[in-house]
$ cat model00.txt   # compact mmCIF, C-alpha atoms
# COMPACT_ATOMS: atom_id res chain seq x y z
CA MET H 580 69.04 109.22 81.15
CA LYS H 581 68.48 111.84 78.50
CA ASN H 582 67.62 114.42 81.16
CA LYS H 583 71.10 114.09 82.69
CA PRO H 584 73.76 116.66 81.76
CA LEU H 585 76.06 115.73 78.90
CA ILE H 586 79.18 115.21 81.05
CA GLN H 587 77.38 112.72 83.31
CA ARG H 588 76.01 110.83 80.30
CA VAL H 589 79.48 110.59 78.75
CA LEU H 590 80.97 109.43 82.06
CA PHE H 591 78.26 106.81 82.54
CA GLU H 592 78.85 105.45 79.04
CA ARG H 593 82.61 105.27 79.64
CA LEU H 594 82.12 103.47 82.95
CA ALA H 595 79.70 101.03 81.39
CA THR H 596 82.01 100.14 78.51
CA GLU H 597 85.52 100.27 79.97
CA SER H 598 86.98 98.13 82.74
CA TYR H 599 88.39 100.05 85.72
CA PRO H 600 90.79 98.95 88.46
CA MET H 601 89.50 98.21 91.92
CA ASP H 602 90.37 101.52 93.54
CA GLN H 603 88.32 103.36 90.95
CA TRP H 604 85.38 100.98 91.48
CA LEU H 605 85.55 101.96 95.14
CA GLY H 606 85.37 105.62 94.23
CA LEU H 607 89.05 106.16 94.86
CA SER H 608 91.73 107.53 92.70
CA SER H 609 95.29 108.52 93.41
CA ASP H 610 97.27 111.59 92.50
CA ARG H 611 100.91 111.70 91.36
CA TYR H 612 102.11 111.32 94.96
CA GLY H 613 99.94 108.28 95.58
CA HIS H 614 97.41 110.13 97.79
CA GLN H 615 93.96 108.64 97.74
CA ILE H 616 91.37 111.03 96.36
CA THR H 617 87.69 110.32 96.74
CA LEU H 618 85.61 111.24 93.76
CA GLY H 619 82.61 113.55 94.04
CA GLY H 620 79.14 112.36 95.01
CA GLY H 621 77.66 112.37 91.53
CA VAL H 622 80.43 110.25 90.09
CA SER H 623 80.39 107.87 93.07
CA SER H 624 76.70 107.23 92.60
CA LYS H 625 77.29 106.42 88.96
CA ILE H 626 80.09 104.00 89.86
CA THR H 627 77.89 102.26 92.40
CA SER H 628 75.14 101.73 89.87
CA VAL H 629 77.57 100.30 87.31
CA GLU H 630 79.23 98.10 89.96
CA GLY H 631 75.84 96.66 90.87
CA SER H 632 75.04 95.76 87.30
CA HIS H 633 78.56 94.32 86.79
CA SER H 634 78.62 92.05 89.84
CA ALA H 635 75.10 90.83 89.19
CA GLY H 636 76.16 89.02 86.05
CA PRO H 637 76.22 85.22 86.41
CA GLU H 638 79.37 84.86 84.24
CA SER H 639 81.35 87.34 86.35
CA GLU H 640 84.61 85.65 87.42
CA GLU H 641 85.91 88.49 89.62
CA PRO H 642 85.86 87.88 93.39
CA PRO H 643 83.20 89.69 95.45
CA ALA H 644 83.80 93.34 96.20
CA HIS H 645 84.21 92.73 99.95
CA ASP H 646 87.11 90.32 99.37
CA LEU H 647 88.73 92.77 97.02
CA ILE H 648 88.48 95.53 99.61
CA ILE H 649 90.31 93.31 102.15
CA GLN H 650 92.93 92.39 99.55
CA ASN H 651 93.37 96.03 98.66
CA ALA H 652 93.83 96.98 102.34
CA ALA H 653 96.40 94.21 102.81
CA ALA H 654 98.32 95.38 99.76
CA ARG H 655 98.56 98.94 101.09
CA SER H 656 101.71 99.91 102.88
CA PRO H 657 101.25 100.49 106.64
CA ILE H 658 103.53 103.54 106.44
CA ARG H 659 103.03 105.91 103.53
CA ARG H 660 104.51 109.23 104.64
CA PHE H 661 107.90 109.67 106.27
CA LEU H 662 109.08 112.86 107.92
CA ILE H 663 112.86 113.02 108.30
CA PRO H 664 114.16 115.88 110.43
CA ILE H 665 117.69 116.75 109.35
CA ASP H 666 120.41 119.27 109.92
CA ALA H 667 120.96 120.24 106.28
CA VAL H 668 124.32 121.84 107.12
CA HIS H 669 125.94 118.67 108.47
CA VAL H 670 123.98 115.73 107.09
CA LYS H 671 125.28 113.82 104.09
CA LEU H 672 123.42 111.80 101.53
CA LEU H 673 125.03 108.64 102.86
CA ASP H 674 123.53 109.23 106.32
CA LEU H 675 120.05 109.28 104.84
CA LYS H 676 120.47 106.23 102.65
CA PRO H 677 119.22 103.63 105.18
CA ILE H 678 116.04 105.62 105.84
CA LEU H 679 115.46 106.27 102.16
CA ASN H 680 115.90 102.58 101.39
CA LEU H 681 113.37 101.76 104.06
CA ALA H 682 110.96 104.38 102.70
CA GLN H 683 111.39 102.92 99.23
CA HIS H 684 110.42 99.50 100.54
CA PHE H 685 107.36 100.93 102.22
CA ASP H 686 106.48 102.69 98.96
CA ALA H 687 106.29 105.89 101.00
CA GLU H 688 106.89 109.53 100.23
CA VAL H 689 109.52 111.39 102.18
CA THR H 690 109.71 114.94 103.49
CA LEU H 691 113.07 116.27 104.61
CA LEU H 692 112.60 118.94 107.25
CA HIS H 693 115.19 121.45 108.33
CA CYS H 694 114.38 123.79 111.21
CA TYR H 695 116.42 126.93 111.05
CA GLU H 696 117.52 128.64 114.23
CA ILE H 697 119.74 131.73 114.18
CA PRO H 698 123.22 130.59 115.32
CA LEU H 699 124.40 131.89 118.68
CA SER H 700 127.37 133.63 117.06
CA PHE H 701 124.97 135.97 115.26
CA HIS H 702 123.69 137.26 118.61
CA TYR H 703 126.81 139.41 118.83
CA ALA H 704 126.33 140.95 115.42
CA VAL H 705 125.33 144.61 115.50
CA GLY H 706 124.24 147.22 113.03
CA TRP H 707 122.33 147.03 109.78
CA SER H 708 124.67 144.47 108.30
CA ALA H 709 123.72 141.98 111.06
CA LEU H 710 120.27 141.50 109.58
CA MET H 711 121.75 141.03 106.15
CA HIS H 712 124.19 138.42 107.46
CA VAL H 713 121.41 136.46 109.17
CA SER H 714 119.36 136.59 106.02
CA LEU H 715 122.30 135.43 103.92
CA HIS H 716 123.04 132.56 106.30
CA ARG H 717 119.43 131.44 106.24
CA GLU H 718 119.38 131.44 102.47
CA MET H 719 122.64 129.50 102.39
CA VAL H 720 121.15 126.79 104.62
CA ARG H 721 117.98 126.72 102.54
CA THR H 722 120.08 126.25 99.40
CA ARG H 723 121.90 123.34 101.01
CA LEU H 724 118.60 121.72 101.87
CA LEU H 725 117.35 122.13 98.31
CA LYS H 726 120.57 120.71 96.94
CA LEU H 727 120.36 117.71 99.26
CA CYS H 728 116.76 117.14 98.23
CA ALA H 729 117.77 117.33 94.56
CA ASP H 730 120.51 114.75 95.18
CA VAL H 731 118.04 112.45 96.90
CA ARG H 732 115.59 112.80 94.04
CA LYS H 733 118.14 111.33 91.65
CA PHE H 734 117.43 107.89 93.08
CA PHE H 735 114.29 108.47 95.17
CA THR H 736 111.79 110.59 93.33
CA ARG H 737 109.11 110.81 96.00
CA CYS H 738 111.09 113.21 98.13
CA ARG H 739 110.49 116.84 98.97
CA SER H 740 111.89 119.31 101.45
CA GLU H 741 110.51 121.77 103.97
CA PHE H 742 112.30 124.66 105.60
CA ALA H 743 110.93 125.81 108.94
CA LEU H 744 111.90 128.52 111.37
CA GLY H 745 111.84 127.86 115.08
CA SER H 746 112.52 125.31 117.77
CA LEU H 747 113.43 121.89 116.42
CA PRO H 748 111.04 119.52 118.27
CA VAL H 749 108.16 121.98 118.11
CA GLU H 750 108.49 122.43 114.37
CA ILE H 751 108.85 118.67 113.80
CA LEU H 752 105.68 117.93 115.74
CA TYR H 753 103.83 120.74 113.99
CA ALA H 754 104.97 119.52 110.56
CA SER H 755 104.05 115.91 111.34
CA ARG H 756 100.51 117.00 112.23
CA ARG H 757 100.21 119.30 109.25
CA LEU H 758 101.52 116.77 106.75
CA GLN H 759 99.71 113.88 108.47
CA THR H 760 102.84 111.78 108.43
CA ASP H 761 102.74 108.16 109.52
CA LEU H 762 106.30 108.11 110.78
CA ILE H 763 108.99 110.47 111.99
CA ALA H 764 112.34 108.85 111.21
CA VAL H 765 115.41 110.15 113.02
CA PRO H 766 118.89 109.13 111.82
CA LEU H 767 120.71 108.59 115.13
CA SER H 768 124.10 108.70 113.44
CA VAL H 769 123.94 112.46 112.88
CA ASP H 770 123.47 115.05 115.58
CA PHE H 771 121.58 118.28 115.05
CA VAL H 772 124.58 120.46 115.73
CA SER H 773 123.15 123.66 114.27
CA GLN H 774 120.14 123.46 116.55
CA GLY H 775 122.06 122.29 119.62
CA TRP H 776 120.39 118.91 119.93
CA THR H 777 121.87 115.43 119.94
CA SER H 778 119.87 112.91 117.95
CA THR H 779 119.15 110.77 121.04
CA GLU H 780 117.86 113.76 122.99
CA LEU H 781 115.63 114.70 120.10
CA MET H 782 114.43 111.12 119.75
CA SER H 783 113.47 110.99 123.44
CA GLU H 784 111.59 114.26 123.10
CA LEU H 785 109.71 113.08 120.03
CA VAL H 786 108.84 109.72 121.59
CA ARG H 787 107.23 111.57 124.50
CA LYS H 788 105.28 114.08 122.50
CA ALA H 789 104.60 112.80 118.99
CA ASN H 790 101.20 111.69 117.84
CA CYS H 791 102.54 109.37 115.19
CA SER H 792 105.11 106.59 115.22
CA VAL H 793 108.77 107.49 115.69
CA LEU H 794 111.66 105.50 114.28
CA GLY H 795 115.26 105.76 115.41
CA LEU H 796 117.92 104.32 113.14
CA PRO H 797 121.30 103.74 114.75
CA SER H 798 124.45 104.14 112.73
CA ALA H 799 125.97 101.00 111.27
CA GLN H 800 129.32 101.48 112.97
CA SER H 801 128.05 102.23 116.46
CA GLU H 802 125.77 99.24 117.15
CA GLY H 803 124.36 101.23 120.06
CA SER H 804 127.75 102.25 121.42
CA ILE H 805 127.44 105.95 120.54
CA ALA H 806 124.28 106.35 122.55
CA LEU H 807 125.76 104.53 125.53
CA THR H 808 128.93 106.58 125.62
CA ARG H 809 127.00 109.83 125.39
CA HIS H 810 124.68 108.82 128.21
CA PRO H 811 126.73 107.05 130.85
CA GLU H 812 123.81 106.96 133.26
CA TYR H 813 122.13 104.44 130.98
CA SER H 814 125.15 102.24 130.46
CA ILE H 815 124.60 98.57 131.20
CA MET Y 1246 136.04 102.53 103.35
CA LYS Y 1247 133.34 104.59 105.02
CA ILE Y 1248 131.26 104.55 101.87
CA LEU Y 1249 131.34 100.78 101.77
CA GLU Y 1250 130.20 100.56 105.39
CA GLY Y 1251 127.40 103.00 104.73
CA GLU Y 1252 126.21 101.07 101.72
CA ARG Y 1253 126.36 97.83 103.63
CA SER Y 1254 124.25 99.32 106.42
CA GLY Y 1255 121.71 100.50 103.88
CA ASP Y 1256 121.38 97.03 102.45
CA ARG Y 1257 121.13 95.49 105.91
CA LEU Y 1258 118.31 97.77 107.00
CA VAL Y 1259 116.25 97.08 103.95
CA SER Y 1260 116.17 93.35 104.53
CA ILE Y 1261 113.92 93.21 107.57
CA LYS Y 1262 113.60 89.51 108.32
CA LYS Y 1263 112.99 89.46 112.06
CA VAL Y 1264 110.82 91.84 114.00
CA VAL Y 1265 110.78 91.90 117.79
CA LEU Y 1266 107.66 93.38 119.32
CA ALA Y 1267 107.90 94.42 122.96
CA VAL Y 1268 104.54 94.67 124.69
CA ASP Y 1269 103.62 95.76 128.18
CA LEU Y 1270 100.12 94.22 127.93
CA THR Y 1271 98.39 97.55 128.45
CA LYS Y 1272 95.38 98.69 126.42
CA GLN Y 1273 97.54 99.86 123.53
CA SER Y 1274 99.30 96.50 123.16
CA GLU Y 1275 96.62 95.07 120.90
CA ALA Y 1276 96.90 97.96 118.45
CA THR Y 1277 100.69 97.79 118.56
CA THR Y 1278 100.59 94.05 117.85
CA HIS Y 1279 98.38 94.64 114.84
CA TYR Y 1280 100.70 97.36 113.58
CA ALA Y 1281 103.84 95.25 114.06
CA ALA Y 1282 102.16 92.30 112.38
CA GLN Y 1283 101.29 94.50 109.40
CA ILE Y 1284 104.91 95.62 109.10
CA ALA Y 1285 106.22 92.06 109.43
CA ASN Y 1286 103.71 90.94 106.83
CA TRP Y 1287 104.79 93.73 104.49
CA PHE Y 1288 108.41 92.54 104.66
CA ASN Y 1289 107.54 88.81 104.87
CA ALA Y 1290 109.38 88.78 108.16
CA SER Y 1291 108.93 86.69 111.29
CA LEU Y 1292 107.53 88.26 114.43
CA CYS Y 1293 108.58 87.61 118.01
CA ILE Y 1294 106.34 89.09 120.69
CA ALA Y 1295 108.16 89.67 123.94
CA GLN Y 1296 106.84 90.65 127.33
CA VAL Y 1297 109.06 91.41 130.28
CA PHE Y 1298 107.83 90.59 133.74
CA SER Y 1299 109.53 92.54 136.48
CA PRO Y 1300 108.36 91.41 139.92
CA ALA Y 1301 108.27 93.94 142.73
CA ARG Y 1302 111.37 94.26 144.88
CA TRP Y 1303 109.53 93.40 148.11
CA SER Y 1304 108.83 89.90 146.78
CA GLU Y 1305 112.47 88.94 147.43
CA PHE Y 1306 111.80 89.09 151.17
CA GLY Y 1307 108.24 87.76 151.02
CA ARG Y 1308 106.74 84.58 152.42
CA GLU Y 1309 105.23 81.67 150.48
CA ASP Y 1310 102.03 83.64 149.79
CA ALA Y 1311 104.02 86.31 148.00
CA TYR Y 1312 105.64 83.73 145.73
CA ASN Y 1313 102.23 82.23 144.94
CA LEU Y 1314 100.94 85.68 144.04
CA ILE Y 1315 103.87 86.28 141.70
CA ASP Y 1316 103.37 82.89 140.06
CA ARG Y 1317 99.72 83.70 139.51
CA GLN Y 1318 100.64 87.07 137.97
CA ARG Y 1319 103.16 85.37 135.73
CA LEU Y 1320 100.61 82.81 134.49
CA GLU Y 1321 98.04 85.51 133.87
CA LEU Y 1322 100.47 87.57 131.81
CA ARG Y 1323 101.51 84.48 129.88
CA ALA Y 1324 97.86 83.76 129.00
CA ARG Y 1325 97.37 87.35 127.81
CA LEU Y 1326 100.54 87.16 125.76
CA ASP Y 1327 99.35 83.93 124.12
CA ARG Y 1328 96.08 85.61 123.17
CA LEU Y 1329 98.01 88.46 121.54
CA SER Y 1330 100.20 85.97 119.74
CA GLU Y 1331 97.14 84.17 118.36
CA GLN Y 1332 95.80 87.47 117.03
CA ALA Y 1333 99.11 88.24 115.34
CA GLN Y 1334 99.30 84.78 113.79
CA ARG Y 1335 96.26 85.60 111.69
CA ILE Y 1336 98.38 88.20 109.89
CA VAL Y 1337 101.89 86.75 110.30
CA PRO Y 1338 101.97 82.93 110.35
CA GLU Y 1339 105.56 82.89 111.55
CA CYS Y 1340 104.93 84.34 114.98
CA ALA Y 1341 106.34 83.35 118.37
CA SER Y 1342 105.97 84.74 121.87
CA VAL Y 1343 108.42 84.87 124.73
CA CYS Y 1344 108.09 85.88 128.37
CA LEU Y 1345 111.18 87.37 129.97
CA GLU Y 1346 112.02 88.50 133.46
CA GLY Y 1347 114.13 91.44 134.58
CA GLU Y 1348 114.69 95.05 133.58
CA PRO Y 1349 112.61 95.66 130.42
CA ALA Y 1350 115.06 97.79 128.43
CA GLU Y 1351 117.95 95.43 129.10
CA GLN Y 1352 115.96 92.30 128.34
CA ILE Y 1353 114.44 93.58 125.10
CA SER Y 1354 117.72 94.85 123.70
CA ALA Y 1355 119.43 91.59 124.68
CA LEU Y 1356 116.70 89.53 123.04
CA ALA Y 1357 116.93 91.60 119.86
CA ARG Y 1358 120.68 91.08 119.81
CA ASP Y 1359 120.37 87.33 120.43
CA LEU Y 1360 117.80 86.91 117.68
CA ASP Y 1361 119.72 89.26 115.39
CA ALA Y 1362 116.50 91.20 114.92
CA ASP Y 1363 116.26 93.84 112.23
CA LEU Y 1364 113.58 95.94 113.90
CA ILE Y 1365 112.16 96.44 117.39
CA VAL Y 1366 108.61 97.73 117.71
CA ILE Y 1367 107.48 99.14 121.04
CA THR Y 1368 104.43 100.94 122.32
CA GLY Y 1369 104.79 104.64 122.91
CA HIS Y 1370 103.15 106.34 125.86
CA HIS Y 1371 102.83 109.97 126.65
CA PRO Y 1372 104.32 109.86 130.13
CA SER Y 1373 103.17 112.04 132.98
CA PHE Y 1374 105.34 114.71 134.57
CA LEU Y 1375 106.34 112.40 137.43
CA ALA Y 1376 107.14 109.52 135.07
CA ARG Y 1377 109.42 111.85 133.14
CA LEU Y 1378 110.98 113.20 136.32
CA PHE Y 1379 111.84 109.73 137.63
CA ASN Y 1380 112.78 108.48 134.17
CA LEU Y 1381 110.20 105.66 134.14
CA ASP Y 1382 109.56 105.75 130.40
CA LYS Y 1383 111.06 102.63 128.87
CA ALA Y 1384 111.09 103.66 125.18
CA PRO Y 1385 114.11 106.02 125.28
CA LYS Y 1386 116.12 103.43 127.26
CA ILE Y 1387 115.40 100.74 124.68
CA ILE Y 1388 116.32 103.10 121.83
CA ARG Y 1389 119.66 103.89 123.46
CA ARG Y 1390 120.56 100.25 123.98
CA ALA Y 1391 119.23 98.67 120.82
CA HIS Y 1392 121.59 97.64 118.02
CA CYS Y 1393 118.86 97.85 115.38
CA PRO Y 1394 116.19 100.43 114.42
CA VAL Y 1395 113.49 100.98 117.03
CA LEU Y 1396 109.98 101.93 116.00
CA VAL Y 1397 107.87 103.54 118.72
CA TYR Y 1398 104.23 103.18 117.84
CA HIS Y 1399 101.71 105.78 118.88
CA GLN Y 1400 98.10 104.90 118.27
CA GLU Y 1401 96.29 107.48 116.17
CA LYS Y 1402 93.68 109.43 118.09
$ encode --input "model00.txt" --output "C-alpha cells"
Amino acid sequence: MKNKPLIQRVLFERLATESYPMDQWLGLSSDRYGHQITLGGGVSSKITSVEGSHSAGPESEEPPAHDLIIQNAAARSPIRRFLIPIDAVHVKLLDLKPILNLAQHFDAEVTLLHCYEIPLSFHYAVGWSALMHVSLHREMVRTRLLKLCADVRKFFTRCRSEFALGSLPVEILYASRRLQTDLIAVPLSVDFVSQGWTSTELMSELVRKANCSVLGLPSAQSEGSIALTRHPEYSI
Amino acid sequence: MKILEGERSGDRLVSIKKVVLAVDLTKQSEATTHYAAQIANWFNASLCIAQVFSPARWSEFGREDAYNLIDRQRLELRARLDRLSEQAQRIVPECASVCLEGEPAEQISALARDLDADLIVITGHHPSFLARLFNLDKAPKIIRRAHCPVLVYHQEK
C-alpha cells in the first residue's frame, strides 16, 4: 500500500471510510447533464476491491450487487435525449410545451435544432449587399433560436440549441447520430415553413430513415384532422 | 382561449395512462414490446398489444381449404401474440392483447380512439424502394390518422 502513489492512497482511504451511492460503486458517475461517465481503470479496480470487502461482511444489510444493478436499470429512463427539430422563425413556446412536458417526465435532456436554408427570395439578390443580407438573415434566425432556447430554459433547464446549415431531414439525421439521441420528437402542429416542409412530410421521411425512435405529437385542436385534410389520399 | 387549449393539451400529454402497442409479429416485435413495456412501466400505464390480421384478397373467393388455411394462420398469430403479451406482463402487470382484422392503419387508430389511448407505439422499418413506391409502409399512415402521439421505434444497431 505504501508503494502506491499518494493520490491513489488518499482515494482508497476515502472509499474505505465513506459510503457511496450505487452508481459510484459500479464505477459510474454522472456529469451535470446526467451523462454516465465511467471512471478510469485504476479507480475502478480500487472500487472493486472495496466493494468486495464491503459485501463480504456478515452484518451487511444492503441487497446483493446484482439486484441493485437490475433496480438501477429499471429506475433509468428509457429515453434520455430528445432531439426536437423546429422552425425557429415560426414556432412558439406554446407549441413546444407538450414535448417539453414529456421530456421532463422522462427526465431527459432536450436539443432544439434549427436547420437554416437560404430563403428562395434571396436567390434574386445581386451584388455585394446580397451576401450581407443573407448573413444578416441567418444571424437573425440564430438569435431567434437562442431566444427561444432561453425562454425554454426558464422552466426546463436541460435544454440547449443547435443551429445547422443544410437540408432539413439530412441535418436532423446527422445531428441525431452525432448527439446519440434516443428520440426525435416532431411537433405536428407546426409546419417547417422556412424550409418548405410540412411536419407530416418530414415525419414520414424521418420514420423511413432514422436510426432512433421518432415521435409525432399531433396538435390538441386537430385530433388528426389536420393531417387528413392535407393528405386527402389517406382520408378514411 | 388558445393559451388555455395549449396548456390543457400539455397536461393531457403528460399523463400517459394507456399505451397501445401495434405489432406486426416480425423479428423486431419482441424488441418493440420490451421498449413499449419499459415506457408503460415508467409512466405506470397500462399496455394493450394489438395485432392486425389482414387476410389476402383471394381468400374471399376461395374454397373450404382456403378458409381452413386462414383459420390456422389466425390461430398461429394469436399464439405468438399471447407469447409476446406474457413477456410484456413481466414488466407491466396491467397488459392485455387484442387481435384485430382489417386494414392495419385504420384498425390501430380506431382502437386507440376507442380506448382513449395516450400513446401508440409501433415498429419502424426501413422500407425498400418498391415498398416506398407503392406506399406499403404502415407507420406514416398510422401517424396521419392517430389522435394521440405516435412513437415509431427503431431498434438500435
$ axis_aligned_box --input "model00.txt" --around "range 710-729 of chain H" --padding-each-side "8 Å" --output "lines of an AutoDock Vina configuration file"
center_x = 120.5
center_y = 129.3
center_z = 102.1
size_x = 23.4
size_y = 40.4
size_z = 31.0
$ residues_around --input "model00.txt" --residues "Arg739 in chain H" --least-positions-apart "6" --cutoff "12 Å" --atoms "all atoms listed in the file" --output "PyMOL selection string"
chain H and resi 612+660-663+687-693+724-733+758
$ write_last_selection --input "model00.txt" --atoms "C-alpha atoms" --output "PDB file, in the frame of the given file"
ATOM      1  CA  TYR H 612     102.110 111.320  94.960  1.00  0.00           C
ATOM      2  CA  ARG H 660     104.510 109.230 104.640  1.00  0.00           C
ATOM      3  CA  PHE H 661     107.900 109.670 106.270  1.00  0.00           C
ATOM      4  CA  LEU H 662     109.080 112.860 107.920  1.00  0.00           C
ATOM      5  CA  ILE H 663     112.860 113.020 108.300  1.00  0.00           C
ATOM      6  CA  ALA H 687     106.290 105.890 101.000  1.00  0.00           C
ATOM      7  CA  GLU H 688     106.890 109.530 100.230  1.00  0.00           C
ATOM      8  CA  VAL H 689     109.520 111.390 102.180  1.00  0.00           C
ATOM      9  CA  THR H 690     109.710 114.940 103.490  1.00  0.00           C
ATOM     10  CA  LEU H 691     113.070 116.270 104.610  1.00  0.00           C
ATOM     11  CA  LEU H 692     112.600 118.940 107.250  1.00  0.00           C
ATOM     12  CA  HIS H 693     115.190 121.450 108.330  1.00  0.00           C
ATOM     13  CA  LEU H 724     118.600 121.720 101.870  1.00  0.00           C
ATOM     14  CA  LEU H 725     117.350 122.130  98.310  1.00  0.00           C
ATOM     15  CA  LYS H 726     120.570 120.710  96.940  1.00  0.00           C
ATOM     16  CA  LEU H 727     120.360 117.710  99.260  1.00  0.00           C
ATOM     17  CA  CYS H 728     116.760 117.140  98.230  1.00  0.00           C
ATOM     18  CA  ALA H 729     117.770 117.330  94.560  1.00  0.00           C
ATOM     19  CA  ASP H 730     120.510 114.750  95.180  1.00  0.00           C
ATOM     20  CA  VAL H 731     118.040 112.450  96.900  1.00  0.00           C
ATOM     21  CA  ARG H 732     115.590 112.800  94.040  1.00  0.00           C
ATOM     22  CA  LYS H 733     118.140 111.330  91.650  1.00  0.00           C
ATOM     23  CA  LEU H 758     101.520 116.770 106.750  1.00  0.00           C
TER      24      LEU H 758
END
$ atom_distance --input "model00.txt" --atom1 "CA of His716 in chain H" --atom2 "CA of Pro748 in chain H"
21.4 Å
$ closest_residue --input "model00.txt" --among "H:Gln774, H:Arg655, H:Ser755, H:Leu796" --to "Leu681 in chain H" --atoms "all atoms listed in the file"
H:Leu796
$ residues_around --input "model00.txt" --residues "Thr1278 in chain Y" --least-positions-apart "5" --cutoff "8 Å" --atoms "only C-alpha atoms" --output "short mmCIF file (atom, residue, chain, number, x, y, z; two decimals) with C-alpha atoms, in the coordinates of the input"
data_model
loop_
_atom_site.label_atom_id
_atom_site.label_comp_id
_atom_site.auth_asym_id
_atom_site.auth_seq_id
_atom_site.Cartn_x
_atom_site.Cartn_y
_atom_site.Cartn_z
CA LEU Y 1266 107.66 93.38 119.32
CA VAL Y 1268 104.54 94.67 124.69
CA LEU Y 1329 98.01 88.46 121.54
CA ALA Y 1333 99.11 88.24 115.34
#
$ interface_residues --input "model00.txt" --of "chain Y" --to "chain H" --cutoff "6 Å" --atoms "only C-alpha atoms" --output "PyMOL selection string"
chain Y and resi 1254-1255+1259+1371+1385+1389-1392+1394-1399
$ atom_distance --input "model00.txt" --atom1 "CA of Asp1363 in chain Y" --atom2 "CA of Cys1293 in chain Y"
11.5 Å
$ atom_distance --input "model00.txt" --atom1 "CA of Val1366 in chain Y" --atom2 "CA of Arg659 in chain H"
17.3 Å
